[in-house]
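Remarks on the structure that follows.
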Amino acid sequence: MREKQDIGKIISTFTAKAALLTVTLLLIGTTAFGQDTMSTPTPMPMATPMPTPMPKPTPLPKPTPLAPFVTELKGISVGMTSDEVKDKLGKPDTGDKTGMYYSFSKNESAQIGLDAQGKVRTVALSYSNGAADVPKFEDIFGPDVKVVTKKDGGIYKMIRYRAAGYWVAYSRIMSNKKPLTTITMRKLRK
């Protein structure tokens, strides 16, 4: 029983010494760093007024719809009837109720796609082997649209003209170091 009392005395002595050491270190630490343990509390800053709400920005004017530079290719425009196409281009080399194909020369052709009502939905012109009368990019999109030419001389650009109801694409690829240019106009889906 005496051993239990000795152990209890040792623990009490140790706890008291540890508490005394902690208080001493705390006092020395605050004094060493110039801390005042009895300072008055720092007053809370006064509430700042809520910022006034930002006025709603003035809406920008709606952009003017992009107008197409061309409205027809070889005299053919989206929405024409198959009879109007034949009046302009003559009898096709081949055709049916879905479309017509014209070969104007060894290097120039046209493919006309028709919708279920027999009206033009697609006009595609192809120029191969360096045809002399290939429309330039600027002839199709105008001088304000920037052309980006690839290292191999290829070009591709498509613009949707939603207000006009169709898109126009200009594509030039190099085939055996000779350009193949296709210009397409197609009715937009609703």
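By order of appearance in the structure tokens: chains A, B, ..., then residues from 1 within every chain, and ligands from 1 in the order shown.
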List the spatial neighbours of stretch 83-85 of chain A as a PDB file with N, CA and C atoms, in the first residue's frame - criterion: any atom at most 10 Å away, only C-alpha atoms, same-chain residues fewer than 5 positions off excluded.
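Wrote selection-v5.pdb, looks like this:
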ATOM      1  N   LYS A  74     -22.951  31.023-110.623  1.00  0.00           N
ATOM      2  CA  LYS A  74     -23.269  30.724-112.034  1.00  0.00           C
ATOM      3  C   LYS A  74     -24.716  31.090-112.372  1.00  0.00           C
ATOM      4  N   GLY A  75     -25.230  32.115-111.662  1.00  0.00           N
ATOM      5  CA  GLY A  75     -26.599  32.554-111.912  1.00  0.00           C
ATOM      6  C   GLY A  75     -27.645  31.733-111.174  1.00  0.00           C
ATOM      7  N   ILE A  76     -27.230  30.771-110.375  1.00  0.00           N
ATOM      8  CA  ILE A  76     -28.160  29.891-109.652  1.00  0.00           C
ATOM      9  C   ILE A  76     -28.138  30.265-108.170  1.00  0.00           C
ATOM     10  N   SER A  77     -29.329  30.412-107.585  1.00  0.00           N
ATOM     11  CA  SER A  77     -29.427  30.733-106.164  1.00  0.00           C
ATOM     12  C   SER A  77     -30.311  29.718-105.452  1.00  0.00           C
ATOM     13  N   GLY A  90     -29.159  25.498-119.158  1.00  0.00           N
ATOM     14  CA  GLY A  90     -29.442  24.542-120.237  1.00  0.00           C
ATOM     15  C   GLY A  90     -29.725  23.157-119.679  1.00  0.00           C
ATOM     16  N   LYS A  91     -29.751  22.204-120.593  1.00  0.00           N
ATOM     17  CA  LYS A  91     -30.030  20.825-120.219  1.00  0.00           C
ATOM     18  C   LYS A  91     -28.823  20.245-119.459  1.00  0.00           C
ATOM     19  N   PRO A  92     -29.074  19.602-118.299  1.00  0.00           N
ATOM     20  CA  PRO A  92     -27.960  19.031-117.550  1.00  0.00           C
ATOM     21  C   PRO A  92     -27.378  17.794-118.236  1.00  0.00           C
ATOM     22  N   MET A 100     -29.011  17.792-110.336  1.00  0.00           N
ATOM     23  CA  MET A 100     -28.525  17.864-111.719  1.00  0.00           C
ATOM     24  C   MET A 100     -27.022  18.062-111.711  1.00  0.00           C
ATOM     25  N   ILE A 112     -26.055  20.544-108.740  1.00  0.00           N
ATOM     26  CA  ILE A 112     -27.186  21.242-108.143  1.00  0.00           C
ATOM     27  C   ILE A 112     -28.019  20.221-107.376  1.00  0.00           C
ATOM     28  N   GLY A 118     -38.484  20.219-105.412  1.00  0.00           N
ATOM     29  CA  GLY A 118     -37.811  20.478-106.682  1.00  0.00           C
ATOM     30  C   GLY A 118     -37.128  21.840-106.733  1.00  0.00           C
ATOM     31  N   LYS A 119     -36.840  22.406-105.553  1.00  0.00           N
ATOM     32  CA  LYS A 119     -36.158  23.704-105.489  1.00  0.00           C
ATOM     33  C   LYS A 119     -34.702  23.502-105.092  1.00  0.00           C
ATOM     34  N   VAL A 120     -33.851  24.428-105.540  1.00  0.00           N
ATOM     35  CA  VAL A 120     -32.418  24.335-105.276  1.00  0.00           C
ATOM     36  C   VAL A 120     -32.152  24.463-103.787  1.00  0.00           C
TER      37      VAL A 120
END
Nearest to A:Val168: which of A:Pro68, A:Pro53, A:Pro135, A:Gly142 is it, counting only C-alpha atoms? A:Pro68
Backbone-only DSSP, helix (DSSP H, G or I) members of stretch 100-169 of chain A, as JSON, numbers by chain: {"A": [137, 138, 139, 140, 141]}
Write a file of the just-selected residues containing N, CA and C atoms, as a CSV table (one decimal), in the first residue's frame.
chain,number,residue,atom,x,y,z
A,137,PHE,N,-11.1,33.9,-103.6
A,137,PHE,CA,-11.7,33.9,-102.3
A,137,PHE,C,-12.4,35.3,-102.1
A,138,GLU,N,-11.8,36.4,-102.4
A,138,GLU,CA,-12.4,37.7,-102.3
A,138,GLU,C,-13.7,37.9,-103.1
A,139,ASP,N,-13.8,37.2,-104.2
A,139,ASP,CA,-15.0,37.2,-105.1
A,139,ASP,C,-16.2,36.6,-104.4
A,140,ILE,N,-15.9,35.6,-103.5
A,140,ILE,CA,-17.0,34.9,-102.8
A,140,ILE,C,-17.3,35.6,-101.5
A,141,PHE,N,-16.3,36.0,-100.7
A,141,PHE,CA,-16.6,36.5,-99.4
A,141,PHE,C,-16.4,38.0,-99.3
Please list as a compact mmCIF listing (two decimals) with C-alpha atoms, in the first residue's frame every residue within 10 Å of stretch 169-180 of chain A, counting only C-alpha atoms and excluding residues in the same chain fewer than 6 positions away.
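Saved to result_5.txt:
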# COMPACT_ATOMS: atom_id res chain seq x y z
CA ASN A 107 -11.89 21.72 -115.62
CA ALA A 124 -21.56 23.30 -105.77
CA LEU A 125 -19.04 24.48 -108.35
CA SER A 126 -15.78 22.57 -108.91
CA TYR A 127 -12.68 23.87 -110.67
CA SER A 128 -9.77 21.49 -111.27
CA ASN A 129 -6.29 21.42 -112.83
CA GLY A 130 -5.81 25.16 -112.61
CA ALA A 131 -8.96 26.21 -114.48
CA VAL A 134 -11.72 30.11 -110.79
CA PRO A 135 -13.36 32.72 -108.58
CA LYS A 136 -10.97 34.17 -106.03
CA PHE A 137 -11.68 33.95 -102.31
CA ILE A 140 -16.96 34.93 -102.81
CA PHE A 141 -16.58 36.53 -99.36
CA THR A 149 -3.82 30.02 -96.62
CA LYS A 150 -2.19 26.80 -95.42
CA ASP A 152 0.48 23.73 -99.01
CA GLY A 153 -1.67 26.45 -100.59
CA GLY A 154 -4.97 25.05 -99.31
CA ILE A 155 -7.83 27.25 -98.13
CA TYR A 156 -11.08 26.49 -96.32
CA LYS A 157 -13.69 28.95 -95.11
CA MET A 158 -17.39 28.57 -94.42
CA ILE A 159 -19.75 31.33 -93.29
CA ARG A 160 -23.37 30.84 -92.24
CA ARG A 186 -26.37 25.42 -99.31
Could you check how far atom CA of A:Val78 sits from atom CA of A:Ala110, in Å to one decimal?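 Result for atom CA of A:Val78 versus atom CA of A:Ala110: 13.9 Å, one decimal.
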Coordinates-based distance that separates atom CA of A:Asp133 from atom CA of A:Thr181 (Å, one decimal): 11.0 Å
